[in-house]
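Source file: protein_23.tsv (TSV, C-alpha atoms)
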chain	number	residue	atom	x	y	z
G	1	MET	CA	0.00	0.00	0.00
G	2	ASN	CA	2.72	2.52	1.09
G	3	ARG	CA	0.90	5.82	0.81
G	4	LEU	CA	3.79	7.39	2.74
G	5	LYS	CA	7.00	7.74	0.77
G	6	THR	CA	10.26	7.37	2.68
G	7	GLN	CA	13.78	7.89	1.47
G	8	TRP	CA	17.29	7.71	2.86
G	9	ILE	CA	19.37	10.59	1.45
G	10	GLU	CA	23.06	9.71	1.08
G	11	GLU	CA	24.45	13.23	0.91
G	12	ARG	CA	25.42	15.14	4.03
G	13	ILE	CA	23.07	18.08	4.57
G	14	PRO	CA	23.50	20.65	7.34
G	15	TYR	CA	20.18	21.41	9.05
G	16	THR	CA	19.55	25.12	9.71
G	17	GLY	CA	15.78	25.17	10.13
G	18	LEU	CA	15.24	26.48	6.59
G	19	GLU	CA	14.80	22.89	5.43
G	20	LEU	CA	11.57	22.71	7.43
G	21	ARG	CA	9.36	24.02	4.62
G	22	SER	CA	6.69	22.85	2.22
G	23	HIS	CA	7.90	20.81	-0.74
G	24	PHE	CA	11.52	20.54	0.42
G	25	ALA	CA	11.66	16.85	-0.60
G	26	LEU	CA	9.92	17.59	-3.90
G	27	GLU	CA	12.30	20.43	-4.77
G	28	LYS	CA	15.45	18.49	-3.91
G	29	TRP	CA	14.62	14.85	-4.75
G	30	ASP	CA	11.31	14.83	-6.68
G	31	ILE	CA	9.45	13.15	-3.79
G	32	GLU	CA	5.76	14.00	-4.13
G	33	GLY	CA	3.06	13.63	-1.51
G	34	ASP	CA	3.29	12.59	2.12
G	35	ASN	CA	6.89	11.75	2.86
G	36	VAL	CA	9.61	11.34	5.45
G	37	ILE	CA	13.24	11.62	4.44
G	38	ALA	CA	16.32	10.97	6.55
G	39	PHE	CA	19.85	12.31	6.22
G	40	ILE	CA	22.92	13.06	8.33
G	41	GLY	CA	24.44	16.47	8.91
G	42	GLU	CA	25.30	19.14	11.41
G	43	CYS	CA	22.42	20.86	13.21
G	44	ASN	CA	22.78	24.57	13.81
G	45	VAL	CA	19.52	26.51	13.95
G	46	PRO	CA	19.90	30.25	14.47
G	47	LYS	CA	17.32	32.07	16.62
G	48	ASN	CA	15.56	33.61	13.61
G	49	HIS	CA	14.90	30.11	12.17
G	50	LEU	CA	13.46	28.62	15.38
G	51	VAL	CA	9.86	27.46	15.04
G	52	ASP	CA	9.35	26.82	18.75
G	53	LEU	CA	8.34	30.20	20.18
G	54	LEU	CA	9.36	29.23	23.72
G	55	ASP	CA	12.84	28.25	22.50
G	56	ALA	CA	13.11	31.56	20.66
G	57	LYS	CA	11.91	33.51	23.69
G	58	THR	CA	14.49	31.86	25.96
G	59	ASN	CA	17.28	32.20	23.36
G	60	ALA	CA	17.69	28.42	23.19
G	61	VAL	CA	20.57	27.15	21.10
G	62	ILE	CA	19.84	24.19	18.85
G	63	TYR	CA	23.20	22.68	17.89
G	64	SER	CA	24.85	19.31	17.37
G	65	PRO	CA	28.02	18.63	15.38
G	66	LEU	CA	26.34	15.62	13.75
G	67	MET	CA	22.71	14.52	13.78
G	68	LEU	CA	20.50	12.02	12.07
G	69	HIS	CA	17.65	14.15	10.71
G	70	PHE	CA	14.14	13.02	9.87
G	71	LEU	CA	12.05	15.54	7.92
G	72	GLY	CA	8.41	14.80	7.22
G	73	GLU	CA	5.68	16.51	5.23
G	74	PHE	CA	2.01	15.54	5.29
G	75	PHE	CA	-0.77	16.99	3.17
G	76	ASN	CA	-4.48	17.19	4.04
G	77	ASP	CA	-3.57	17.34	7.69
G	78	ASN	CA	-3.91	19.51	10.78
G	79	LEU	CA	-1.37	20.51	13.42
G	80	GLU	CA	-2.85	18.40	16.21
G	81	ARG	CA	-2.61	15.26	14.05
G	82	ALA	CA	0.95	16.25	13.12
G	83	ILE	CA	1.88	16.44	16.81
G	84	TRP	CA	0.38	12.98	17.41
G	85	ARG	CA	2.35	11.72	14.42
G	86	GLN	CA	5.49	13.34	15.86
G	87	ARG	CA	4.96	11.61	19.21
G	88	LEU	CA	4.45	8.27	17.48
G	89	PHE	CA	7.71	8.77	15.58
G	90	VAL	CA	9.59	9.59	18.79
G	91	THR	CA	8.07	6.50	20.44
G	92	ILE	CA	9.32	4.39	17.53
G	93	LEU	CA	12.80	5.88	18.00
G	94	LYS	CA	12.67	4.93	21.67
G	95	GLU	CA	11.58	1.38	20.89
G	96	ARG	CA	14.27	0.99	18.19
G	97	CYS	CA	17.04	2.17	20.55
G	98	GLU	CA	15.86	-0.11	23.34
G	99	ALA	CA	15.57	-3.09	20.98
G	100	LEU	CA	19.18	-2.56	19.87
G	101	ILE	CA	20.45	-1.98	23.43
G	102	PRO	CA	18.28	-4.16	25.71
G	103	LYS	CA	19.61	-2.64	28.94
G	104	LEU	CA	18.86	0.90	27.75
G	105	ARG	CA	15.83	2.56	29.34
G	106	LEU	CA	15.08	5.88	27.70
G	107	GLN	CA	12.47	8.25	29.08
G	108	ARG	CA	10.10	10.01	26.69
G	109	LYS	CA	9.03	13.44	27.85
G	110	GLY	CA	6.61	14.76	25.26
G	111	ASN	CA	8.57	14.72	22.02
G	112	ASP	CA	12.02	14.28	23.52
G	113	LEU	CA	14.02	11.26	24.65
G	114	TYR	CA	16.38	11.24	27.61
G	115	ASP	CA	18.95	8.84	28.98
G	116	GLY	CA	19.02	10.04	32.55
G	117	GLY	CA	19.71	13.76	32.28
G	118	LYS	CA	21.12	13.52	28.75
G	119	LYS	CA	18.90	14.55	25.85
G	120	LEU	CA	19.00	12.37	22.74
G	121	ASN	CA	16.99	14.42	20.24
G	122	VAL	CA	15.32	17.63	19.17
G	123	SER	CA	11.84	17.65	17.70
G	124	ILE	CA	9.26	20.05	16.29
G	125	ALA	CA	5.99	19.88	14.35
G	126	THR	CA	4.40	22.84	12.61
G	127	ALA	CA	1.89	23.73	9.93
G	128	THR	CA	2.02	25.66	6.69
G	129	PRO	CA	-0.90	26.70	4.47
G	130	LEU	CA	-0.18	23.58	2.36
G	131	SER	CA	0.88	20.88	4.78
G	132	THR	CA	2.17	19.94	8.21
G	133	LEU	CA	5.85	19.39	8.81
G	134	LEU	CA	8.00	17.62	11.34
G	135	HIS	CA	11.69	17.57	12.10
G	136	ILE	CA	13.25	15.11	14.48
G	137	GLY	CA	17.00	15.24	14.91
G	138	VAL	CA	18.78	12.47	16.80
G	139	ASN	CA	22.26	13.27	18.08
G	140	ILE	CA	25.03	11.16	16.63
G	141	GLU	CA	27.91	13.16	18.10
G	142	THR	CA	27.57	15.46	21.08
G	143	GLN	CA	30.70	17.61	21.35
G	144	GLY	CA	29.78	21.26	21.86
G	145	THR	CA	26.06	20.78	22.38
G	146	PRO	CA	24.50	23.46	24.61
G	147	VAL	CA	22.87	20.96	26.98
G	148	ALA	CA	23.84	17.55	28.30
G	149	THR	CA	23.28	15.14	25.42
G	150	ALA	CA	23.70	11.53	24.38
G	151	GLY	CA	24.21	10.38	20.81
G	152	LEU	CA	23.91	7.24	18.74
G	153	ARG	CA	27.70	6.81	18.84
G	154	ASN	CA	27.52	6.56	22.64
G	155	TYR	CA	25.49	3.38	22.10
G	156	ASN	CA	27.45	2.09	19.06
G	157	ILE	CA	24.29	2.35	16.94
G	158	ASP	CA	24.91	2.56	13.20
G	159	SER	CA	23.11	5.72	12.08
G	160	VAL	CA	22.36	4.63	8.51
G	161	SER	CA	20.79	1.26	9.29
G	162	PHE	CA	18.97	2.85	12.26
G	163	ALA	CA	17.53	5.51	9.94
G	164	LYS	CA	16.41	3.06	7.28
G	165	GLU	CA	14.77	0.72	9.79
G	166	THR	CA	13.04	3.62	11.53
G	167	LEU	CA	11.69	4.94	8.22
G	168	GLN	CA	10.37	1.48	7.37
G	169	GLN	CA	8.71	1.01	10.76
G	170	PHE	CA	7.08	4.46	10.65
G	171	ALA	CA	5.74	3.80	7.13
G	172	GLN	CA	4.29	0.48	8.32
G	173	GLU	CA	2.57	2.26	11.20
G	174	MET	CA	1.09	4.84	8.84
G	175	ASP	CA	-0.09	2.09	6.48
G	176	GLY	CA	-1.67	0.30	9.43
G	177	VAL	CA	-3.51	3.43	10.47
G	178	TYR	CA	-4.82	3.86	6.92
G	179	ARG	CA	-5.94	0.21	6.73
G	180	ASP	CA	-7.73	0.56	10.09
G	181	LEU	CA	-9.42	3.71	8.83
G	182	CYS	CA	-10.73	1.90	5.73
G	183	LYS	CA	-11.91	-1.35	7.33
G	184	VAL	CA	-14.54	-0.11	9.77
G	185	ARG	CA	-18.18	0.55	9.11
G	186	SER	CA	-19.94	3.59	10.47
G	187	VAL	CA	-22.42	3.25	13.30
G	188	PRO	CA	-25.65	5.19	13.66

Just dump the structure as structure tokens.
Amino acid sequence: MNRLKTQWIEERIPYTGLELRSHFALEKWDIEGDNVIAFIGECNVPKNHLVDLLDAKTNAVIYSPLMLHFLGEFFNDNLERAIWRQRLFVTILKERCEALIPKLRLQRKGNDLYDGGKKLNVSIATATPLSTLLHIGVNIETQGTPVATAGLRNYNIDSVSFAKETLQQFAQEMDGVYRDLCKVRSVP
């Protein structure tokens, strides 16, 4: 069925926040429709590109020398559904990490994952007039981050295979939701 298109992007792409826009995947890689792409690159979002108003108000610094980025775009959607989708994606990330490292017990607080006091990811969902968007960045390396962080290298997790498996699992979840939507009858 695969209504959701997923793609691993080989090239290194620095994430600045400007990539969180409608039709980014279509412009760069001809990916039409609902999609989630993944790539690796630095994360350095200046204040004027922050989407989270509380982060901007508190002058938060969003930086990692190397992150695994997931960028998603969904059409015919609303922001609340996008936030639920974002939380599902973060839950999948948690499950994937814990499946690879059985002794690992991450805590999910909203859309963020923590190993003790160390933050593993950044995450945001937003809406445009055309679509809803999400960005989830998972630290790979942590040198120079503005808060205490953990990264995939701390756990010896291969970023590329982790990304591809996560994309596949998320697409399966989305397909399952669509199948469940189509198989029920209405009730009076």

Give me, as a short mmCIF file (atom, residue, chain, number, x, y, z; two decimals) with C-alpha atoms, in the frame of the given file, all polymer residues having an atom no more than 10 Å from Thr149 (chain G), counting all atoms listed in the file and skipping those fewer than 3 positions away in the same chain.
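Listed below is the output, part21.cif:
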data_model
loop_
_atom_site.label_atom_id
_atom_site.label_comp_id
_atom_site.auth_asym_id
_atom_site.auth_seq_id
_atom_site.Cartn_x
_atom_site.Cartn_y
_atom_site.Cartn_z
CA SER G 64 24.85 19.31 17.37
CA TYR G 114 16.38 11.24 27.61
CA ASP G 115 18.95 8.84 28.98
CA GLY G 116 19.02 10.04 32.55
CA GLY G 117 19.71 13.76 32.28
CA LYS G 118 21.12 13.52 28.75
CA LYS G 119 18.90 14.55 25.85
CA LEU G 120 19.00 12.37 22.74
CA ASN G 121 16.99 14.42 20.24
CA ASN G 139 22.26 13.27 18.08
CA ILE G 140 25.03 11.16 16.63
CA GLU G 141 27.91 13.16 18.10
CA THR G 142 27.57 15.46 21.08
CA GLN G 143 30.70 17.61 21.35
CA GLY G 144 29.78 21.26 21.86
CA THR G 145 26.06 20.78 22.38
CA PRO G 146 24.50 23.46 24.61
CA ASN G 154 27.52 6.56 22.64
#

Residues of region 1-43 of chain G at most 12 Å from region 51-59 of chain G: nearest atom pair and distance in Å, only C-alpha atoms, as a Markdown table:
| residue | atom | partner | partner_atom | distance |
| --- | --- | --- | --- | --- |
| G:Thr16 | CA | G:Val51 | CA | 11.3 |
| G:Gly17 | CA | G:Val51 | CA | 8.0 |
| G:Leu18 | CA | G:Val51 | CA | 10.1 |
| G:Glu19 | CA | G:Val51 | CA | 11.7 |
| G:Leu20 | CA | G:Val51 | CA | 9.1 |
| G:Arg21 | CA | G:Val51 | CA | 11.0 |

* Point-to-point distance from CA of Phe75 (chain G) to CA of His49 (chain G), Å rounded to tenths ->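 Computing it gives 22.3 Å between the two atoms.
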
* Find the distance between CA of Pro102 (chain G) and CA of Gly176 (chain G) and write it in Å to one decimal. =>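 Computing the Euclidean distance for CA of Pro102 (chain G) and CA of Gly176 (chain G) yields 26.1 Å.
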
* To do: Could you give me, as an NGL selection string, the residues within 7 Å of Asp34 (chain G), counting only C-alpha atoms and dropping anything in the same chain fewer than 5 positions from it?
  => :G and (4-5 or 73-75)

* Dig up all the protein and nucleic acid residues within 7 Å of (2.0, 20.3, 5.4) in the file frame, using all atoms listed in the file, and format them as a list in words. => Ser22, Glu73, Phe74, Phe75, Asp77, Ala127, Thr128, Leu130, Ser131, Thr132 and Leu133 of chain G

* Between G:Ala82, G:Leu26, G:Leu71, G:Ile31, single out the one closest to Ala125 (chain G), counting all atoms listed in the file. => G:Ala82

* Between CA of Lys164 (chain G) and CA of Val147 (chain G), what is the spacing in Å? ->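 A separation of 27.4 Å between them.
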
* To do: Check the smallest atom-to-atom distance from each of G:Leu93, G:Val122, G:Gly33, G:Glu80 to Val61 (chain G) using all atoms listed in the file, then report the winner.
  => G:Val122

* Return the single residue from G:Ile157, G:Ala38, G:Met67, G:Leu88 that is closest to Met174 (chain G), with distances computed using all atoms listed in the file. =>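 Closest residue, counting all atoms listed in the file: G:Leu88.
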
Box dimensions and centre (Å, one decimal) enclosing region 5-24 of chain G, axis-aligned, 8 Å extra per side, as AutoDock Vina command-line options:
--center_x 16.1 --center_y 16.9 --center_z 4.7 --size_x 34.7 --size_y 35.1 --size_z 26.9

* Nearest residue to Ile62 (chain G) from the set G:Ser161, G:Ser123, G:Gln86, G:Thr6 (distances using all atoms listed in the file) ->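 Ranking G:Ser161, G:Ser123, G:Gln86, G:Thr6 by distance to Ile62 (chain G), first place goes to G:Ser123.
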